[in-house]
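A.B. asks: Structure file run_1.cif (mmCIF, C-alpha atoms) is given on the next line.
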data_entry
#
loop_
_atom_site.label_atom_id
_atom_site.label_comp_id
_atom_site.auth_asym_id
_atom_site.auth_seq_id
_atom_site.Cartn_x
_atom_site.Cartn_y
_atom_site.Cartn_z
CA MET A 1001 -21.88 27.44 0.50
CA LYS A 1002 -23.03 23.80 0.47
CA LYS A 1003 -22.07 23.47 -3.21
CA LEU A 1004 -18.62 24.92 -2.53
CA LEU A 1005 -18.07 22.55 0.40
CA MET A 1006 -19.24 19.58 -1.69
CA ALA A 1007 -16.91 20.57 -4.54
CA ALA A 1008 -13.96 20.77 -2.09
CA VAL A 1009 -14.77 17.33 -0.71
CA LEU A 1010 -15.02 15.82 -4.19
CA LEU A 1011 -11.79 17.50 -5.29
CA GLY A 1012 -10.00 16.18 -2.20
CA ALA A 1013 -11.29 12.65 -2.86
CA ALA A 1014 -10.19 12.85 -6.49
CA MET A 1015 -6.71 14.01 -5.45
CA LEU A 1016 -6.37 11.14 -2.95
CA ALA A 1017 -7.52 8.62 -5.55
CA ALA A 1018 -5.05 10.04 -8.07
CA GLU A 1019 -2.15 9.60 -5.63
CA ASP A 1020 -2.47 5.99 -4.46
CA THR A 1021 -3.98 2.96 -6.17
CA VAL A 1022 -5.16 -0.06 -4.20
CA LEU A 1023 -3.89 -3.05 -6.17
CA LYS A 1024 -5.18 -5.83 -3.97
CA THR A 1025 -7.12 -6.45 -0.79
CA TRP A 1026 -7.17 -9.86 0.82
CA ASP A 1027 -10.45 -11.42 1.87
CA LEU A 1028 -9.16 -13.53 4.75
CA SER A 1029 -12.51 -15.27 5.13
CA LEU A 1030 -11.71 -17.20 1.93
CA GLY A 1031 -9.42 -20.19 2.10
CA GLY A 1032 -6.10 -19.88 0.30
CA GLN A 1033 -5.76 -16.12 0.90
CA SER A 1034 -3.14 -16.49 3.64
CA SER A 1035 -0.71 -18.97 5.18
CA LEU A 1036 0.17 -19.93 8.76
CA TYR A 1037 3.46 -21.71 9.48
CA LYS A 1038 4.48 -23.32 12.78
CA GLU A 1039 7.79 -24.95 13.71
CA LYS A 1040 8.37 -27.89 16.07
CA GLY A 1041 7.54 -27.08 19.67
CA VAL A 1042 4.75 -24.72 18.64
CA ASP A 1043 1.04 -25.29 18.56
CA ALA A 1044 -1.11 -22.53 17.13
CA LYS A 1045 -4.40 -22.50 15.34
CA GLY A 1046 -5.64 -20.03 12.79
CA GLY A 1047 -8.96 -19.19 11.20
CA PHE A 1048 -11.29 -16.40 10.23
CA ALA A 1049 -13.73 -14.97 12.78
CA ASP A 1050 -15.36 -11.60 13.45
CA GLY A 1051 -13.84 -9.87 10.42
CA ALA A 1052 -10.22 -10.85 11.10
CA TYR A 1053 -7.83 -13.76 10.68
CA ARG A 1054 -7.16 -15.04 14.21
CA VAL A 1055 -4.01 -16.85 15.30
CA GLU A 1056 -4.14 -18.38 18.77
CA VAL A 1057 -0.83 -19.44 20.31
CA LEU A 1058 -1.49 -22.64 22.26
CA ARG A 1059 2.09 -23.78 22.96
CA ASN A 1060 5.39 -22.02 22.33
CA LEU A 1061 8.50 -23.74 23.70
CA ASP A 1062 10.99 -21.30 22.11
CA LYS A 1063 9.74 -17.73 22.53
CA LYS A 1064 13.21 -16.37 21.65
CA SER A 1065 12.79 -17.48 18.04
CA GLY A 1066 10.45 -14.89 16.58
CA ASN A 1067 10.07 -16.75 13.30
CA ASN A 1068 8.70 -20.00 14.74
CA ILE A 1069 5.12 -18.79 14.10
CA GLN A 1070 4.57 -17.01 10.79
CA PHE A 1071 1.53 -15.53 9.04
CA TRP A 1072 1.58 -14.13 5.52
CA CYS A 1073 -0.32 -13.17 2.41
CA SER A 1074 1.43 -13.45 -0.94
CA SER A 1075 1.65 -11.27 -4.02
CA ASN A 1076 3.33 -11.93 -7.35
CA GLN A 1077 2.19 -8.75 -9.09
CA LEU A 1078 5.08 -6.48 -8.03
CA LYS A 1079 7.32 -4.59 -10.46
CA ALA A 1080 10.86 -3.30 -9.99
CA GLY A 1081 11.17 0.46 -9.52
CA VAL A 1082 7.55 0.96 -8.41
CA LYS A 1083 6.83 2.32 -4.92
CA TYR A 1084 4.38 0.22 -2.89
CA ARG A 1085 2.82 0.24 0.55
CA VAL A 1086 1.30 -2.66 2.45
CA ASP A 1087 -1.31 -1.58 5.01
CA PHE A 1088 -2.82 -3.83 7.65
CA THR A 1089 -4.19 -3.89 11.18
CA VAL A 1090 -2.95 -6.24 13.89
CA LYS A 1091 -4.16 -6.66 17.46
CA ALA A 1092 -3.21 -9.03 20.30
CA SER A 1093 -5.04 -10.16 23.43
CA LYS A 1094 -1.80 -9.76 25.46
CA ASP A 1095 1.17 -7.43 25.15
CA ALA A 1096 3.26 -8.82 22.28
CA LYS A 1097 6.04 -8.01 19.82
CA VAL A 1098 5.40 -8.70 16.14
CA THR A 1099 7.98 -8.41 13.39
CA SER A 1100 6.26 -7.25 10.20
CA MET A 1101 7.94 -7.35 6.79
CA VAL A 1102 7.81 -7.69 3.06
CA MET A 1103 10.05 -10.56 1.97
CA LEU A 1104 10.53 -13.30 -0.59
CA THR A 1105 8.28 -16.32 0.00
CA ALA A 1106 11.12 -18.76 -0.81
CA LYS A 1107 14.90 -19.00 -0.50
CA PRO A 1108 16.91 -16.83 -0.11
CA TRP A 1109 14.06 -15.24 1.97
CA THR A 1110 15.30 -11.74 1.13
CA ARG A 1111 13.66 -9.09 3.30
CA VAL A 1112 12.75 -5.90 1.41
CA THR A 1113 11.51 -3.87 4.38
CA GLY A 1114 10.25 -4.46 7.89
CA LYS A 1115 9.59 -3.08 11.34
CA GLU A 1116 8.87 -4.31 14.83
CA VAL A 1117 5.46 -3.53 16.24
CA LEU A 1118 4.96 -3.51 20.01
CA LEU A 1119 1.32 -4.32 20.72
CA LYS A 1120 -0.53 -3.42 23.90
CA ALA A 1121 -3.19 -5.90 24.98
CA GLY A 1122 -6.48 -5.25 23.21
CA GLU A 1123 -5.23 -2.23 21.20
CA ALA A 1124 -5.18 -2.41 17.41
CA ALA A 1125 -2.14 -1.11 15.53
CA ASN A 1126 -2.38 0.16 11.96
CA VAL A 1127 0.86 -0.74 10.20
CA ALA A 1128 2.18 0.62 6.89
CA LEU A 1129 5.28 -0.77 5.15
CA GLU A 1130 6.58 1.24 2.19
CA PHE A 1131 9.06 -0.27 -0.25
CA THR A 1132 10.41 -0.26 -3.79
CA LEU A 1133 11.83 -3.40 -5.38
CA LYS A 1134 15.21 -2.72 -6.89
CA GLY A 1135 15.86 -6.11 -8.47
CA ASP A 1136 13.91 -9.08 -9.77
CA ALA A 1137 10.18 -8.61 -9.24
CA SER A 1138 9.06 -11.85 -10.88
CA ALA A 1139 9.12 -13.81 -7.60
CA THR A 1140 6.33 -14.11 -5.04
CA TYR A 1141 6.62 -11.89 -1.97
CA ARG A 1142 5.00 -12.00 1.46
CA THR A 1143 2.95 -8.83 1.53
CA PRO A 1144 2.91 -8.73 4.52
CA GLY A 1145 4.73 -11.37 6.51
CA LEU A 1146 4.33 -11.39 10.29
CA PHE A 1147 6.56 -13.22 12.77
CA LEU A 1148 4.49 -13.93 15.89
CA GLY A 1149 6.83 -16.39 17.62
CA GLU A 1150 7.73 -14.36 20.69
CA ALA A 1151 4.16 -14.53 21.98
CA GLU A 1152 3.12 -16.22 25.19
CA PRO A 1153 0.73 -19.16 25.05
CA GLY A 1154 -2.84 -17.89 25.26
CA THR A 1155 -2.12 -14.88 23.05
CA VAL A 1156 -4.66 -14.39 20.27
CA PHE A 1157 -3.68 -12.20 17.31
CA GLU A 1158 -6.24 -10.61 14.99
CA ILE A 1159 -5.01 -9.56 11.54
CA SER A 1160 -7.27 -7.60 9.21
CA GLU A 1161 -7.68 -4.96 6.51
CA ILE A 1162 -4.65 -6.07 4.47
CA LYS A 1163 -4.13 -4.19 1.24
CA LEU A 1164 -1.36 -3.60 -1.27
CA VAL A 1165 -1.17 -0.03 -2.55
CA GLU A 1166 0.84 1.51 -5.38
CA VAL A 1167 2.08 4.89 -4.14
CA LYS A 1168 2.08 7.63 -6.78
#
Show how you would write the structure in this file as C-alpha cells.
C.D. replies:
Amino acid sequence: MKKLLMAAVLLGAAMLAAEDTVLKTWDLSLGGQSSLYKEKGVDAKGGFADGAYRVEVLRNLDKKSGNNIQFWCSSNQLKAGVKYRVDFTVKASKDAKVTSMVMLTAKPWTRVTGKEVLLKAGEAANVALEFTLKGDASATYRTPGLFLGEAEPGTVFEISEIKLVEVK
C-alpha cells in the first residue's frame, strides 16, 4: 500500500512539473532585482527584510493617483504566443488597494493584463496574473508591476515569492 501511495504521489508531482515551468524567481534580497518609483509629493522607502521586499509609505499627498508609488520586477525573456503566469504574494499593514499588472517598462506603457487586489490589514494575498503576448515580445515587461499609490501614510507593503511561470 505504501509503494502504491508513493507511486501516486510521484506521478502527481511529475504531471504538475510537466504542466508548468518556472522560468524565473526573483531574489529580492539582491540589489537590482526590483525597482521602486515615487512621484513628487510622495515619500516611501523600500528594502528587503524578513523574506520580503518592504515598501513603507511615509507621505502621500495624492492618494487618488494610484500610480504615484510603483514597484516592479522586470523580464525580457517573454515570447509572443506563449502563455505565462506571474505569481506573487503581497501583504499590507493597513487595508489597501493595489493594482497589479504585467506591462511594458517603457513608453507606450502598454498593459497586457492586470487586476485590483483589495488587501485586509495583516492578511497576505496570493496573486496570479495569466497572459499571452500577442505582439512584439522583444521589449522588457514589468512582471509584475504594482501600483501602491492609494495607500495611507504608515502603510507597509510586503512583496514576496515572485515567479514567472510558463503555462503548458
A.B. asks: Using CA of Gly1081 in chain A and CA of Leu1028 in chain A as the two end points, give the distance in Å to one decimal.
C.D. replies: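 Between CA of Gly1081 in chain A and CA of Leu1028 in chain A the gap is 28.5 Å.
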A.B. asks: Ranking A:Leu1061, A:Val1055, A:Val1022, A:Val1090 by minimum distance to Gly1041 in chain A and counting only C-alpha atoms, which one comes first?
C.D. replies: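 Closest to Gly1041 in chain A, using only C-alpha atoms: A:Leu1061.
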A.B. asks: Would you work out the distance separating CA of Gln1033 in chain A from CA of Val1127 in chain A, expressed in Å to one decimal?
C.D. replies: 19.2 Å
A.B. asks: Smallest atom-to-atom distance to Ser1065 in chain A: which of A:Leu1104, A:Ala1128, A:Val1042, A:Leu1118, using all atoms listed in the file?
C.D. replies: A:Val1042
A.B. asks: List as a PDB file with C-alpha atoms, in the coordinates of the input the protein and nucleic acid residues near Leu1148 in chain A, meaning an atom at most 8 Å away when only C-alpha atoms are counted, but skip any in the same chain fewer than 4 places from it.
C.D. replies:
ATOM      1  CA  GLY A1066      10.450 -14.890  16.580  1.00  0.00           C
ATOM      2  CA  ASN A1067      10.070 -16.750  13.300  1.00  0.00           C
ATOM      3  CA  ASN A1068       8.700 -20.000  14.740  1.00  0.00           C
ATOM      4  CA  ILE A1069       5.120 -18.790  14.100  1.00  0.00           C
ATOM      5  CA  GLN A1070       4.570 -17.010  10.790  1.00  0.00           C
ATOM      6  CA  PHE A1071       1.530 -15.530   9.040  1.00  0.00           C
ATOM      7  CA  LYS A1097       6.040  -8.010  19.820  1.00  0.00           C
ATOM      8  CA  VAL A1098       5.400  -8.700  16.140  1.00  0.00           C
ATOM      9  CA  THR A1099       7.980  -8.410  13.390  1.00  0.00           C
TER      10      THR A1099
END
A.B. asks: Could you check the closest approach to Tyr1053 in chain A for each of A:Glu1166, A:Asp1020, A:Asp1136, A:Glu1161 and tell me which residue wins, using all atoms listed in the file?
C.D. replies: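 The closest residue to Tyr1053 in chain A is A:Glu1161.
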A.B. asks: From the set A:Asp1095, A:Asp1027, A:Glu1056, A:Asp1087, which residue has the shortest atom-to-atom contact distance to Asn1126 in chain A, counting all atoms listed in the file?
C.D. replies: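 So, comparing all the options, the nearest one is A:Asp1087.
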A.B. asks: Determine the nearest neighbour of Arg1059 in chain A from the options A:Gly1114, A:Val1082, A:Glu1152, A:Asp1043, counting all atoms listed in the file.
C.D. replies: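 Of all the options, A:Asp1043 lies closest to Arg1059 in chain A.
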A.B. asks: If the PyMOL selection byres ((chain A and resi 1079) around 9) is run on the structure shown, which residues does it catch, given as an mmCIF file with C-alpha atoms, keeping the file's coordinate frame?
C.D. replies:
data_model
loop_
_atom_site.group_PDB
_atom_site.id
_atom_site.type_symbol
_atom_site.label_atom_id
_atom_site.label_comp_id
_atom_site.auth_asym_id
_atom_site.auth_seq_id
_atom_site.Cartn_x
_atom_site.Cartn_y
_atom_site.Cartn_z
ATOM 1 C CA ASN A 1076 3.330 -11.930 -7.350
ATOM 2 C CA GLN A 1077 2.190 -8.750 -9.090
ATOM 3 C CA LEU A 1078 5.080 -6.480 -8.030
ATOM 4 C CA ALA A 1080 10.860 -3.300 -9.990
ATOM 5 C CA GLY A 1081 11.170 0.460 -9.520
ATOM 6 C CA VAL A 1082 7.550 0.960 -8.410
ATOM 7 C CA LYS A 1083 6.830 2.320 -4.920
ATOM 8 C CA THR A 1132 10.410 -0.260 -3.790
ATOM 9 C CA LEU A 1133 11.830 -3.400 -5.380
ATOM 10 C CA LYS A 1134 15.210 -2.720 -6.890
ATOM 11 C CA GLY A 1135 15.860 -6.110 -8.470
ATOM 12 C CA ASP A 1136 13.910 -9.080 -9.770
ATOM 13 C CA ALA A 1137 10.180 -8.610 -9.240
ATOM 14 C CA SER A 1138 9.060 -11.850 -10.880
#
A.B. asks: Point out the residue among A:Ala1096, A:Val1086, A:Val1167, A:Ala1052 with the least atom-to-atom distance to Gly1122 in chain A, counting only C-alpha atoms.
C.D. replies: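 Answer, going by the shortest atom-to-atom distance: A:Ala1096.
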A.B. asks: Hey, what comes out of the PyMOL selection byres ((chain A and resi 1156) around 7) on this file? Could you write it as JSON, numbers by chain?
C.D. replies: {"A": [1054, 1055, 1056, 1057, 1092, 1093, 1154, 1155, 1157, 1158]}
A.B. asks: Separation of CA of Phe1131 in chain A and CA of Glu1116 in chain A, in Å?
C.D. replies: 15.6 Å
A.B. asks: At a cut-off of 8 Å, using all atoms listed in the file, what residues contact Arg1111 in chain A? Leave out same-chain residues fewer than 4 positions from it and give the result as a count of residues only.
C.D. replies: 4
A.B. asks: Please write as a count of residues only the full residue list that the PyMOL selection byres ((chain A and resi 1035) around 6) yields on this file.
C.D. replies: 4
A.B. asks: Go ahead and find all residues with at least one atom no further than 10 Å from (-6.5, -3.9, -7.7) in the file's coordinates, using only C-alpha atoms; report them as a PyMOL selection string.
C.D. replies: chain A and resi 1021-1025+1163-1166
A.B. asks: Complete the atom set of range 1052-1063 of chain A to all heavy atoms and return it as a PDB file, in the coordinates of the input.
C.D. replies:
ATOM      1  N   ALA A1052     -11.685 -10.825  11.054  1.00  0.00           N
ATOM      2  CA  ALA A1052     -10.220 -10.850  11.100  1.00  0.00           C
ATOM      3  C   ALA A1052      -9.731 -12.292  11.039  1.00  0.00           C
ATOM      4  O   ALA A1052     -10.455 -13.225  11.384  1.00  0.00           O
ATOM      5  CB  ALA A1052      -9.713 -10.196  12.379  1.00  0.00           C
ATOM      6  N   TYR A1053      -8.479 -12.453  10.593  1.00  0.00           N
ATOM      7  CA  TYR A1053      -7.830 -13.760  10.680  1.00  0.00           C
ATOM      8  C   TYR A1053      -7.234 -13.841  12.075  1.00  0.00           C
ATOM      9  O   TYR A1053      -6.477 -12.968  12.497  1.00  0.00           O
ATOM     10  CB  TYR A1053      -6.734 -13.917   9.622  1.00  0.00           C
ATOM     11  CG  TYR A1053      -6.238 -15.337   9.547  1.00  0.00           C
ATOM     12  CD1 TYR A1053      -6.874 -16.264   8.733  1.00  0.00           C
ATOM     13  CD2 TYR A1053      -5.161 -15.757  10.317  1.00  0.00           C
ATOM     14  CE1 TYR A1053      -6.446 -17.574   8.675  1.00  0.00           C
ATOM     15  CE2 TYR A1053      -4.722 -17.068  10.269  1.00  0.00           C
ATOM     16  CZ  TYR A1053      -5.376 -17.971   9.452  1.00  0.00           C
ATOM     17  OH  TYR A1053      -4.952 -19.271   9.407  1.00  0.00           O
ATOM     18  N   ARG A1054      -7.603 -14.880  12.818  1.00  0.00           N
ATOM     19  CA  ARG A1054      -7.160 -15.040  14.210  1.00  0.00           C
ATOM     20  C   ARG A1054      -6.128 -16.149  14.307  1.00  0.00           C
ATOM     21  O   ARG A1054      -6.330 -17.233  13.770  1.00  0.00           O
ATOM     22  CB  ARG A1054      -8.352 -15.342  15.103  1.00  0.00           C
ATOM     23  CG  ARG A1054      -9.361 -14.217  15.144  1.00  0.00           C
ATOM     24  CD  ARG A1054     -10.674 -14.612  15.793  1.00  0.00           C
ATOM     25  NE  ARG A1054     -10.538 -15.220  17.082  1.00  0.00           N
ATOM     26  CZ  ARG A1054     -10.608 -14.584  18.247  1.00  0.00           C
ATOM     27  NH1 ARG A1054     -10.833 -13.288  18.260  1.00  0.00           N
ATOM     28  NH2 ARG A1054     -10.475 -15.225  19.388  1.00  0.00           N
ATOM     29  N   VAL A1055      -5.036 -15.857  14.999  1.00  0.00           N
ATOM     30  CA  VAL A1055      -4.010 -16.850  15.300  1.00  0.00           C
ATOM     31  C   VAL A1055      -3.933 -16.949  16.809  1.00  0.00           C
ATOM     32  O   VAL A1055      -3.631 -15.964  17.493  1.00  0.00           O
ATOM     33  CB  VAL A1055      -2.629 -16.441  14.737  1.00  0.00           C
ATOM     34  CG1 VAL A1055      -1.571 -17.462  15.135  1.00  0.00           C
ATOM     35  CG2 VAL A1055      -2.682 -16.271  13.225  1.00  0.00           C
ATOM     36  N   GLU A1056      -4.225 -18.144  17.322  1.00  0.00           N
ATOM     37  CA  GLU A1056      -4.140 -18.380  18.770  1.00  0.00           C
ATOM     38  C   GLU A1056      -2.919 -19.229  19.064  1.00  0.00           C
ATOM     39  O   GLU A1056      -2.767 -20.327  18.538  1.00  0.00           O
ATOM     40  CB  GLU A1056      -5.395 -19.075  19.280  1.00  0.00           C
ATOM     41  CG  GLU A1056      -5.371 -19.307  20.774  1.00  0.00           C
ATOM     42  CD  GLU A1056      -6.632 -19.952  21.313  1.00  0.00           C
ATOM     43  OE1 GLU A1056      -7.560 -20.222  20.523  1.00  0.00           O
ATOM     44  OE2 GLU A1056      -6.679 -20.199  22.532  1.00  0.00           O
ATOM     45  N   VAL A1057      -2.033 -18.716  19.909  1.00  0.00           N
ATOM     46  CA  VAL A1057      -0.830 -19.440  20.310  1.00  0.00           C
ATOM     47  C   VAL A1057      -1.209 -20.348  21.471  1.00  0.00           C
ATOM     48  O   VAL A1057      -1.580 -19.885  22.545  1.00  0.00           O
ATOM     49  CB  VAL A1057       0.300 -18.459  20.731  1.00  0.00           C
ATOM     50  CG1 VAL A1057       1.542 -19.232  21.167  1.00  0.00           C
ATOM     51  CG2 VAL A1057       0.610 -17.490  19.607  1.00  0.00           C
ATOM     52  N   LEU A1058      -1.125 -21.665  21.231  1.00  0.00           N
ATOM     53  CA  LEU A1058      -1.490 -22.640  22.260  1.00  0.00           C
ATOM     54  C   LEU A1058      -0.274 -23.130  23.045  1.00  0.00           C
ATOM     55  O   LEU A1058      -0.348 -23.339  24.247  1.00  0.00           O
ATOM     56  CB  LEU A1058      -2.199 -23.828  21.608  1.00  0.00           C
ATOM     57  CG  LEU A1058      -3.458 -23.467  20.817  1.00  0.00           C
ATOM     58  CD1 LEU A1058      -3.953 -24.655  20.027  1.00  0.00           C
ATOM     59  CD2 LEU A1058      -4.537 -22.946  21.753  1.00  0.00           C
ATOM     60  N   ARG A1059       0.839 -23.327  22.325  1.00  0.00           N
ATOM     61  CA  ARG A1059       2.090 -23.780  22.960  1.00  0.00           C
ATOM     62  C   ARG A1059       3.239 -23.147  22.201  1.00  0.00           C
ATOM     63  O   ARG A1059       3.232 -23.124  20.972  1.00  0.00           O
ATOM     64  CB  ARG A1059       2.188 -25.309  22.901  1.00  0.00           C
ATOM     65  CG  ARG A1059       3.427 -25.855  23.588  1.00  0.00           C
ATOM     66  CD  ARG A1059       3.445 -27.351  23.522  1.00  0.00           C
ATOM     67  NE  ARG A1059       3.422 -27.745  22.109  1.00  0.00           N
ATOM     68  CZ  ARG A1059       3.900 -28.878  21.638  1.00  0.00           C
ATOM     69  NH1 ARG A1059       4.403 -29.762  22.440  1.00  0.00           N
ATOM     70  NH2 ARG A1059       3.856 -29.154  20.355  1.00  0.00           N
ATOM     71  N   ASN A1060       4.235 -22.657  22.964  1.00  0.00           N
ATOM     72  CA  ASN A1060       5.390 -22.020  22.330  1.00  0.00           C
ATOM     73  C   ASN A1060       6.605 -22.295  23.213  1.00  0.00           C
ATOM     74  O   ASN A1060       6.852 -21.587  24.177  1.00  0.00           O
ATOM     75  CB  ASN A1060       5.160 -20.519  22.165  1.00  0.00           C
ATOM     76  CG  ASN A1060       6.203 -19.865  21.305  1.00  0.00           C
ATOM     77  OD1 ASN A1060       7.121 -20.523  20.829  1.00  0.00           O
ATOM     78  ND2 ASN A1060       6.070 -18.568  21.106  1.00  0.00           N
ATOM     79  N   LEU A1061       7.369 -23.330  22.872  1.00  0.00           N
ATOM     80  CA  LEU A1061       8.500 -23.740  23.700  1.00  0.00           C
ATOM     81  C   LEU A1061       9.732 -22.867  23.497  1.00  0.00           C
ATOM     82  O   LEU A1061      10.626 -22.864  24.330  1.00  0.00           O
ATOM     83  CB  LEU A1061       8.860 -25.209  23.421  1.00  0.00           C
ATOM     84  CG  LEU A1061       7.742 -26.208  23.734  1.00  0.00           C
ATOM     85  CD1 LEU A1061       8.197 -27.625  23.408  1.00  0.00           C
ATOM     86  CD2 LEU A1061       7.301 -26.102  25.182  1.00  0.00           C
ATOM     87  N   ASP A1062       9.826 -22.131  22.396  1.00  0.00           N
ATOM     88  CA  ASP A1062      10.990 -21.300  22.110  1.00  0.00           C
ATOM     89  C   ASP A1062      10.553 -19.890  21.748  1.00  0.00           C
ATOM     90  O   ASP A1062      10.517 -19.506  20.593  1.00  0.00           O
ATOM     91  CB  ASP A1062      11.825 -21.914  20.972  1.00  0.00           C
ATOM     92  CG  ASP A1062      13.095 -21.124  20.695  1.00  0.00           C
ATOM     93  OD1 ASP A1062      13.434 -20.227  21.504  1.00  0.00           O
ATOM     94  OD2 ASP A1062      13.735 -21.387  19.685  1.00  0.00           O
ATOM     95  N   LYS A1063      10.228 -19.089  22.766  1.00  0.00           N
ATOM     96  CA  LYS A1063       9.740 -17.730  22.530  1.00  0.00           C
ATOM     97  C   LYS A1063      10.839 -16.775  22.077  1.00  0.00           C
ATOM     98  O   LYS A1063      10.576 -15.654  21.706  1.00  0.00           O
ATOM     99  CB  LYS A1063       9.045 -17.203  23.779  1.00  0.00           C
ATOM    100  CG  LYS A1063       7.738 -17.909  24.088  1.00  0.00           C
ATOM    101  CD  LYS A1063       7.036 -17.348  25.285  1.00  0.00           C
ATOM    102  CE  LYS A1063       7.673 -17.725  26.589  1.00  0.00           C
ATOM    103  NZ  LYS A1063       7.671 -19.098  26.960  1.00  0.00           N
TER     104      LYS A1063
END
